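Okay, structure first, notes after.
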Protein chains: 10
Amino acid sequence: MTAPSRDILEVFDNPNPERNYEIVHTAHEFTSLCPLTGHPDFATIEVAYVADAKCVELKSLKLYLQAYRNEGAFYEAVINRICDDLAAVLDPRQLEVTGDFGVRGGISSVITARHGDDDD
Amino acid sequence: MTAPSRDILEVFDNPNPERNYEIVHTAHEFTSLCPLTGHPDFATIEVAYVADAKCVELKSLKLYLQAYRNEGAFYEAVINRICDDLAAVLDPRQLEVTGDFGVRGGISSVITARHGDDDD
Amino acid sequence: MTAPSRDILEVFDNPNPERNYEIVHTAHEFTSLCPLTGHPDFATIEVAYVADAKCVELKSLKLYLQAYRNEGAFYEAVINRICDDLAAVLDPRQLEVTGDFGVRGGISSVITARHGDDDD
Amino acid sequence: MTAPSRDILEVFDNPNPERNYEIVHTAHEFTSLCPLTGHPDFATIEVAYVADAKCVELKSLKLYLQAYRNEGAFYEAVINRICDDLAAVLDPRQLEVTGDFGVRGGISSVITARHGDDDD
Amino acid sequence: MTAPSRDILEVFDNPNPERNYEIVHTAHEFTSLCPLTGHPDFATIEVAYVADAKCVELKSLKLYLQAYRNEGAFYEAVINRICDDLAAVLDPRQLEVTGDFGVRGGISSVITARHGDDDD
Amino acid sequence: MTAPSRDILEVFDNPNPERNYEIVHTAHEFTSLCPLTGHPDFATIEVAYVADAKCVELKSLKLYLQAYRNEGAFYEAVINRICDDLAAVLDPRQLEVTGDFGVRGGISSVITARHGDDDD
Amino acid sequence: MTAPSRDILEVFDNPNPERNYEIVHTAHEFTSLCPLTGHPDFATIEVAYVADAKCVELKSLKLYLQAYRNEGAFYEAVINRICDDLAAVLDPRQLEVTGDFGVRGGISSVITARHGDDDD
Amino acid sequence: MTAPSRDILEVFDNPNPERNYEIVHTAHEFTSLCPLTGHPDFATIEVAYVADAKCVELKSLKLYLQAYRNEGAFYEAVINRICDDLAAVLDPRQLEVTGDFGVRGGISSVITARHGDDDD
Amino acid sequence: MTAPSRDILEVFDNPNPERNYEIVHTAHEFTSLCPLTGHPDFATIEVAYVADAKCVELKSLKLYLQAYRNEGAFYEAVINRICDDLAAVLDPRQLEVTGDFGVRGGISSVITARHGDDDD
Amino acid sequence: MTAPSRDILEVFDNPNPERNYEIVHTAHEFTSLCPLTGHPDFATIEVAYVADAKCVELKSLKLYLQAYRNEGAFYEAVINRICDDLAAVLDPRQLEVTGDFGVRGGISSVITARHGDDDD
């Protein structure tokens with residue numbers, strides 16, 4: 001199985017670039033590995049964006065997210081990396097990525113990153 | 001079965017053009033085809049608008065939406081096209097079209113376009 | 001990652017073998033692979049049993065179920081195999097295994113196997 | 001698009017024919033055409049069975065059900081035909097097919113057929 | 001508008017008369033008139049049956065039920081008449097008709113009739 | 001306002017006396033007075049019966065129940081009296097009357113009487 | 001405030017002793033004291049019975065239950081005593097008393113006693 | 001903190017031993033330790049019984065359950081031990097103990113033991 | 001078991017320090033001891049922050065929170081101490097800690113502290 | 001049982017007086033007496049405050065609220081008195097007290113008082 005790479009993401013021309021409209025994809029079956037223990041983590045990932053010239057093709061988004069299956073990474077790194085990869089290939093007007101991770105050691109976690117929400 | 005065309009949409013005179021009032025039509029049984037695989041997609045389509053001189057006739061809206069049944073198109077293109085076609089025949093004061101598409105590859109999608117929400 | 005094998009399952013002595021009592025473990029994060037396409041499948045697995053001499057140790061059950069992560073198998077085979085493996089290591093008085101699999105191609109599936117529910 | 005035919009249905013060997021266990025597949029996105037008006041009908045189809053020598057392969061079941069997309073047929077005929085086709089290729093120990101059809105003319109309908117539930 | 005008559009009901013040949021299977025039609029928008037005041041009554045009518053040689057065609061059932069729109073009749077008479085008319089044209093193996101009538105004078109009502117459930 | 005009397009209840013001929021079928025009327029807005037304090041009580045009254053020769057006319061049932069508005073009576077007496085009055089004018093095959101009374105002094109009450117459920 | 005005593009309970013003649021019918025009173029605001037610590041306990045008390053010659057008057061039931069306000073007693077004793085007191089003054093055909101007590105030390109409790117459910 | 005011992009459990013005389021009545025205590029805040037890792041486990045424990053000569057005093061039950069706080073034990077052993085200890089001090093007519101344990105490694109567990117439900 | 005100390009908390013480099021993004025960890029199984037009675041308290045603890053250079057590692061957060069298991073402390077002190085410890089090791093851009101404590105003596109409590117929300 | 005007095009309330013030093021943080025205590029089992037009839041009233045009392053130098057100790061708050069058990073007072077007087085007593089012993093930065101009283105004569109009541117919210 002391929003490692004997660006922004007090369008997996010395919011795009012198509014935004015059919016209506018003159019309009020600002022919202023696209024929300026919700027992946028219900030995301031799984032990656034804990035970088036410390038190697039045990040699997042599970043999450044729901046929501047990608048919400050306003051496209052500029054390009055939209056992400058849905059099947060390639062599925063394959064890109066599936067590529068995390070055997071990848072060891074902290075929750076925070078996973079969400080920021082998805083946000084960065086989508087920003088790189090889409091150059092979107094707006095983009096927010098949220099990961100809602102299942103219970104580990106009695107603790108559940110939600111991480112939310114917005115493209116362009118930079119520290120000054 | 002006819003291809004989707006704004007010519008299918010019929011209108012009638014807004015009975016109360018001096019008032020701004022809201023009209024919401026929700027089509028629970030929309031289906032189109034994936035442009036890459038040819039497999040069927042399913043969605044709920046919501047059309048919400050404030051009419052100006054014209055209202056869309058309901059049966060013609062049904063026939064217009066049914067015409068997507070054998071049409072291959074990306075989600076984003078479908079929603080923008082419905083938005084554009086309704087805008088063209090109605091010239092409405094406000095218009096928002098939302099498509100809530102069923103799970104594909106573990107991912108569900110919602111696309112929302114507003115007429116006049118243009119990129120400057 | 002290890003392949004799924006009943007050798008992963010560890011048992012401990014039933015602390016009260018003279019009593020018939022019910023044990024139900026529900027694994028919310030099971031994933032395996034489609035044997036035809038290699039794409040991931042996701043399910044909730046419920047294991048319900050009445051122990052005889054042995055109980056299954058919970059962490060080993062987790063590791064055993066995690067071992068299906070890179071295993072290609074039909075839903076029906078997965079559930080029967082889990083049922084057979086637990087039956088082999090536990091020799092339980094009663095055992096039922098249920099898999100509730102997520103939507104694939106618009107279809108969700110539930111498979112339920114009971115140990116000893118044989119065809120005559 | 002192919003017409004619905006039991007030849008589309010593919011089977012695989014039941015991995016555990018010596019056990020009676022339950023398999024339930026629920027297709028959430030079935031659509032066919034009204035034989036009188038040509039307008040689309042929508043339904044949820046549930047297939048519940050106990051396999052004998054063969055199980056139905058899930059992707060072929062999806063393709064078989066998708067083949068009704070441009071088929072004109074009464075609800076009652078659709079459900080009995082699905083029941084008969086599955087019975088023919090599976091020769092199952094038990095089989096029940098249910099169709100829950102959406103509102104038409106203000107009327108919703110549920111049809112349920114069981115293989116072997118014959119009139120004497 | 002036509003008066004309600006069993007002549008409106010059209011039937012088609014049961015596609016599977018050798019099987020006993022269940023058909024349930026639920027009409028969500030039934031309306032008739034109060035025989036005393038002339039005010040409209042509203043109800044949900046459920047028709048559940050096992051067909052013998054004939055099935056009722058759905059559009060004719062809609063038209064038959066719509067024919068009660070300007071008919072003044074007691075709830076009890078409406079439900080028994082629908083039951084009798086369907087029994088006459090279908091000669092079904094089983095038949096139950098239920099009417100769930102909305103609030104009138106602070107009182108809601110449910111009437112249920114079964115074909116063949118005779119007083120001895 | 002008239003006192004409650006079975007003379008208020010009007011009946012009409014059961015349109016289908018040869019069939020046993022169920023009639024349920026639910027009055028959501030019943031009110032009477034406490035016989036000790038004169039304060040108003042509120043209840044939902046359900047009347048469920050199988051008619052023999054006669055059915056109760058709905059408007060007369062409403063007027064009959066409204067006649068309790070200025071009547072002081074214990075809950076138990078109210079429900080039994082409604083049951084007796086309906087039994088007297090209908091001579092039904094079966095009859096059950098239930099009163100669900102609102103909170104008084106922190107106590108809510110439900111009383112249920114069945115015609116013919118006699119103490120032997 | 002008076003101590004709880006069956007003398008507080010007032011009865012009236014069952015208006016329909018020839019019929020077996022059900023009476024359920026639910027007191028939502030019961031409070032008594034812990035016999036060990038003197039701290040208040042809170043419960044919902046349900047009294048369900050079939051009357052013989054006598055019914056309990058509702059206001060006296062309220063006063064009887066309020067009399068437990070400064071009474072120290074175990075949950076089990078409270079429920080059995082209410083059951084015994086009501087049985088003594090009513091001599092009912094059937095009687096069940098349930099107390100649903102609020103959380104104390106992280107533990108909530110439900111006690112249910114039936115008159116005549118004797119140990120043999 | 002004391003180790004869990006049936007000596008902690010205090011009893012008082014059943015106020016109504018001649019009656020069979022049901023007592024249910026639900027402890028929402030039970031915690032013990034995993035015997036393998038030393039990590040804390042959390043559960044809801046339900047104790048349901050019919051007393052004979054003795055009832056368990058609620059505060060002592062709380063202290064008894066709190067004593068598991070630093071005790072390492074398998075779920076199955078905990079539930080059977082609670083069942084055995086209560087059976088020993090109460091000698092009840094009936095007794096059932098249920099533990100509903102929180103998610104560990106993505107798996108939740110429910111264990112249910114009944115006193116006297118012996119293997120023959 | 002170790003006493004709670006900020007030394008237990010481990011951090012890792014924020015994978016995206018140039019972005020302001022939100023991290024929320026919710027611990028469902030927190031328990032400490034009452035400083036007056038020694039009895040256990042139970043709470044859900046939510047930690048919400050925007051990282052600067054460092055993120056808190058999840059397992060160390062679990063171990064840090066578990067270290068309160070045998071610690072006697074007022075609710076208010078616990079929440080402020082967690083807030084101070086996390087602020088010390090993370091030096092976050094924003095931080096809010098909330099504790100939702102279970103019922104004690106019929107009273108539940110919620111304490112919320114924000115880092116930097118100082119009294120002037 | 002003691003009369004309600006601010007002397008019952010005990011305080012401890014605010015562990016973090018330099019921070020403004022919120023403390024909310026919700027008492028689910030408050031009861032007092034109606035000053036006119038002597039009948040019991042029931043309420044949920046919420047105390048929300050930002051501490052300055054002192055916090056209220058939870059057990060003393062419970063005892064203080066329990067002291068209203070035999071106190072006759074109007075709802076409005078109860079809530080203002082609790083607000084005044086807590087303000088006197090805590091001198092808080094902010095304080096709000098809310099009482100949600102159960103149904104009396106078909107009417108429920110909510111009273112909310114804020115410390116320092118004075119009429120000028």
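Residue numbering restarts at 1 in every chain; chains get A, B, ... in the order shown in the structure tokens, and ligands count up from 1 in that same order.
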Can you tell me, as a list in words, which residues in chain G count as alpha helix (DSSP H) by DSSP?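 Alpha helix (DSSP H) members of chain G, listed: Leu58, Lys59, Ser60, Leu61, Lys62, Leu63, Tyr64, Leu65, Gln66, Tyr75, Glu76, Ala77, Val78, Ile79, Asn80, Arg81, Ile82, Cys83, Asp84, Asp85, Leu86, Ala87, Ala88, Val89 and Leu90 of chain G.
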Residues as selected, N, CA and C atoms, written as a PDB file, in the first residue's frame, can you do that?
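Output below, filename out-v6.pdb:
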```
ATOM      1  N   LEU G  58     -57.066  10.981  46.643  1.00  0.00           N
ATOM      2  CA  LEU G  58     -55.773  11.440  46.139  1.00  0.00           C
ATOM      3  C   LEU G  58     -55.075  12.430  47.081  1.00  0.00           C
ATOM      4  N   LYS G  59     -55.828  13.365  47.645  1.00  0.00           N
ATOM      5  CA  LYS G  59     -55.193  14.366  48.507  1.00  0.00           C
ATOM      6  C   LYS G  59     -54.665  13.709  49.792  1.00  0.00           C
ATOM      7  N   SER G  60     -55.411  12.740  50.300  1.00  0.00           N
ATOM      8  CA  SER G  60     -54.932  12.058  51.505  1.00  0.00           C
ATOM      9  C   SER G  60     -53.684  11.235  51.191  1.00  0.00           C
ATOM     10  N   LEU G  61     -53.624  10.685  49.965  1.00  0.00           N
ATOM     11  CA  LEU G  61     -52.418   9.953  49.552  1.00  0.00           C
ATOM     12  C   LEU G  61     -51.229  10.903  49.526  1.00  0.00           C
ATOM     13  N   LYS G  62     -51.461  12.122  48.997  1.00  0.00           N
ATOM     14  CA  LYS G  62     -50.399  13.125  48.970  1.00  0.00           C
ATOM     15  C   LYS G  62     -49.925  13.447  50.393  1.00  0.00           C
ATOM     16  N   LEU G  63     -50.889  13.671  51.310  1.00  0.00           N
ATOM     17  CA  LEU G  63     -50.523  14.011  52.689  1.00  0.00           C
ATOM     18  C   LEU G  63     -49.810  12.852  53.382  1.00  0.00           C
ATOM     19  N   TYR G  64     -50.286  11.634  53.088  1.00  0.00           N
ATOM     20  CA  TYR G  64     -49.644  10.441  53.661  1.00  0.00           C
ATOM     21  C   TYR G  64     -48.191  10.358  53.207  1.00  0.00           C
ATOM     22  N   LEU G  65     -47.952  10.561  51.901  1.00  0.00           N
ATOM     23  CA  LEU G  65     -46.588  10.469  51.376  1.00  0.00           C
ATOM     24  C   LEU G  65     -45.734  11.628  51.886  1.00  0.00           C
ATOM     25  N   GLN G  66     -46.328  12.822  52.013  1.00  0.00           N
ATOM     26  CA  GLN G  66     -45.583  13.971  52.556  1.00  0.00           C
ATOM     27  C   GLN G  66     -45.155  13.739  54.004  1.00  0.00           C
ATOM     28  N   TYR G  75     -34.830   2.487  52.464  1.00  0.00           N
ATOM     29  CA  TYR G  75     -35.658   2.420  51.251  1.00  0.00           C
ATOM     30  C   TYR G  75     -36.610   1.219  51.298  1.00  0.00           C
ATOM     31  N   GLU G  76     -36.030   0.064  51.628  1.00  0.00           N
ATOM     32  CA  GLU G  76     -36.796  -1.180  51.595  1.00  0.00           C
ATOM     33  C   GLU G  76     -37.973  -1.102  52.566  1.00  0.00           C
ATOM     34  N   ALA G  77     -37.741  -0.501  53.732  1.00  0.00           N
ATOM     35  CA  ALA G  77     -38.807  -0.387  54.733  1.00  0.00           C
ATOM     36  C   ALA G  77     -39.889   0.588  54.264  1.00  0.00           C
ATOM     37  N   VAL G  78     -39.467   1.691  53.658  1.00  0.00           N
ATOM     38  CA  VAL G  78     -40.432   2.687  53.173  1.00  0.00           C
ATOM     39  C   VAL G  78     -41.404   2.055  52.187  1.00  0.00           C
ATOM     40  N   ILE G  79     -40.854   1.338  51.196  1.00  0.00           N
ATOM     41  CA  ILE G  79     -41.713   0.805  50.126  1.00  0.00           C
ATOM     42  C   ILE G  79     -42.641  -0.277  50.673  1.00  0.00           C
ATOM     43  N   ASN G  80     -42.114  -1.142  51.530  1.00  0.00           N
ATOM     44  CA  ASN G  80     -42.973  -2.184  52.100  1.00  0.00           C
ATOM     45  C   ASN G  80     -44.046  -1.586  53.018  1.00  0.00           C
ATOM     46  N   ARG G  81     -43.680  -0.533  53.733  1.00  0.00           N
ATOM     47  CA  ARG G  81     -44.654   0.093  54.641  1.00  0.00           C
ATOM     48  C   ARG G  81     -45.767   0.769  53.856  1.00  0.00           C
ATOM     49  N   ILE G  82     -45.431   1.468  52.777  1.00  0.00           N
ATOM     50  CA  ILE G  82     -46.470   2.067  51.926  1.00  0.00           C
ATOM     51  C   ILE G  82     -47.373   0.968  51.381  1.00  0.00           C
ATOM     52  N   CYS G  83     -46.735  -0.129  50.956  1.00  0.00           N
ATOM     53  CA  CYS G  83     -47.502  -1.249  50.409  1.00  0.00           C
ATOM     54  C   CYS G  83     -48.439  -1.826  51.475  1.00  0.00           C
ATOM     55  N   ASP G  84     -47.925  -2.008  52.679  1.00  0.00           N
ATOM     56  CA  ASP G  84     -48.737  -2.574  53.765  1.00  0.00           C
ATOM     57  C   ASP G  84     -49.855  -1.623  54.178  1.00  0.00           C
ATOM     58  N   ASP G  85     -49.554  -0.324  54.294  1.00  0.00           N
ATOM     59  CA  ASP G  85     -50.578   0.643  54.717  1.00  0.00           C
ATOM     60  C   ASP G  85     -51.711   0.727  53.698  1.00  0.00           C
ATOM     61  N   LEU G  86     -51.351   0.771  52.408  1.00  0.00           N
ATOM     62  CA  LEU G  86     -52.391   0.830  51.380  1.00  0.00           C
ATOM     63  C   LEU G  86     -53.181  -0.473  51.348  1.00  0.00           C
ATOM     64  N   ALA G  87     -52.495  -1.592  51.535  1.00  0.00           N
ATOM     65  CA  ALA G  87     -53.200  -2.873  51.565  1.00  0.00           C
ATOM     66  C   ALA G  87     -54.182  -2.913  52.735  1.00  0.00           C
ATOM     67  N   ALA G  88     -53.769  -2.351  53.876  1.00  0.00           N
ATOM     68  CA  ALA G  88     -54.623  -2.392  55.074  1.00  0.00           C
ATOM     69  C   ALA G  88     -55.891  -1.560  54.902  1.00  0.00           C
ATOM     70  N   VAL G  89     -55.768  -0.362  54.333  1.00  0.00           N
ATOM     71  CA  VAL G  89     -56.947   0.495  54.229  1.00  0.00           C
ATOM     72  C   VAL G  89     -57.791   0.188  52.996  1.00  0.00           C
ATOM     73  N   LEU G  90     -57.175  -0.433  51.965  1.00  0.00           N
ATOM     74  CA  LEU G  90     -57.903  -0.667  50.711  1.00  0.00           C
ATOM     75  C   LEU G  90     -58.361  -2.118  50.560  1.00  0.00           C
TER      76      LEU G  90
END
```
For D:Val50, please output as a compact mmCIF listing (two decimals) with C-alpha atoms, in the first residue's frame all residues within 9 Å (counting only C-alpha atoms; exclusion window: fewer than 4 positions along the same chain).
```
# COMPACT_ATOMS: atom_id res chain seq x y z
CA ASN D 20 -26.34 -22.20 9.56
CA TYR D 21 -25.53 -18.48 9.84
CA GLU D 22 -27.37 -15.32 8.79
CA ILE D 23 -26.32 -12.87 6.04
CA VAL D 24 -28.22 -9.56 5.58
CA CYS D 55 -22.79 -16.94 -1.12
CA PRO D 92 -30.25 -20.96 -0.10
CA ARG D 93 -31.54 -22.61 3.08
CA GLN D 94 -33.65 -19.50 3.76
CA LEU D 95 -34.19 -16.23 1.82
```
Excluding E:Asp119 and its own-chain neighbours fewer than 2 positions away, which residues fall within 7 Å of it when counting only C-alpha atoms? Please give them as a short mmCIF file (atom, residue, chain, number, x, y, z; two decimals) with N, CA and C atoms, in the first residue's frame.
```cif
data_model
loop_
_atom_site.label_atom_id
_atom_site.label_comp_id
_atom_site.auth_asym_id
_atom_site.auth_seq_id
_atom_site.Cartn_x
_atom_site.Cartn_y
_atom_site.Cartn_z
N ASP E 117 -62.64 -11.18 9.13
CA ASP E 117 -62.68 -11.22 10.60
C ASP E 117 -64.13 -11.05 11.03
N GLU F 18 -71.31 -7.28 10.55
CA GLU F 18 -70.87 -8.67 10.40
C GLU F 18 -69.36 -8.82 10.60
N ARG F 19 -68.63 -7.68 10.66
CA ARG F 19 -67.18 -7.74 10.84
C ARG F 19 -66.80 -7.25 12.24
N ASN F 20 -65.84 -7.90 12.88
CA ASN F 20 -65.24 -7.37 14.11
C ASN F 20 -64.12 -6.43 13.74
#
```
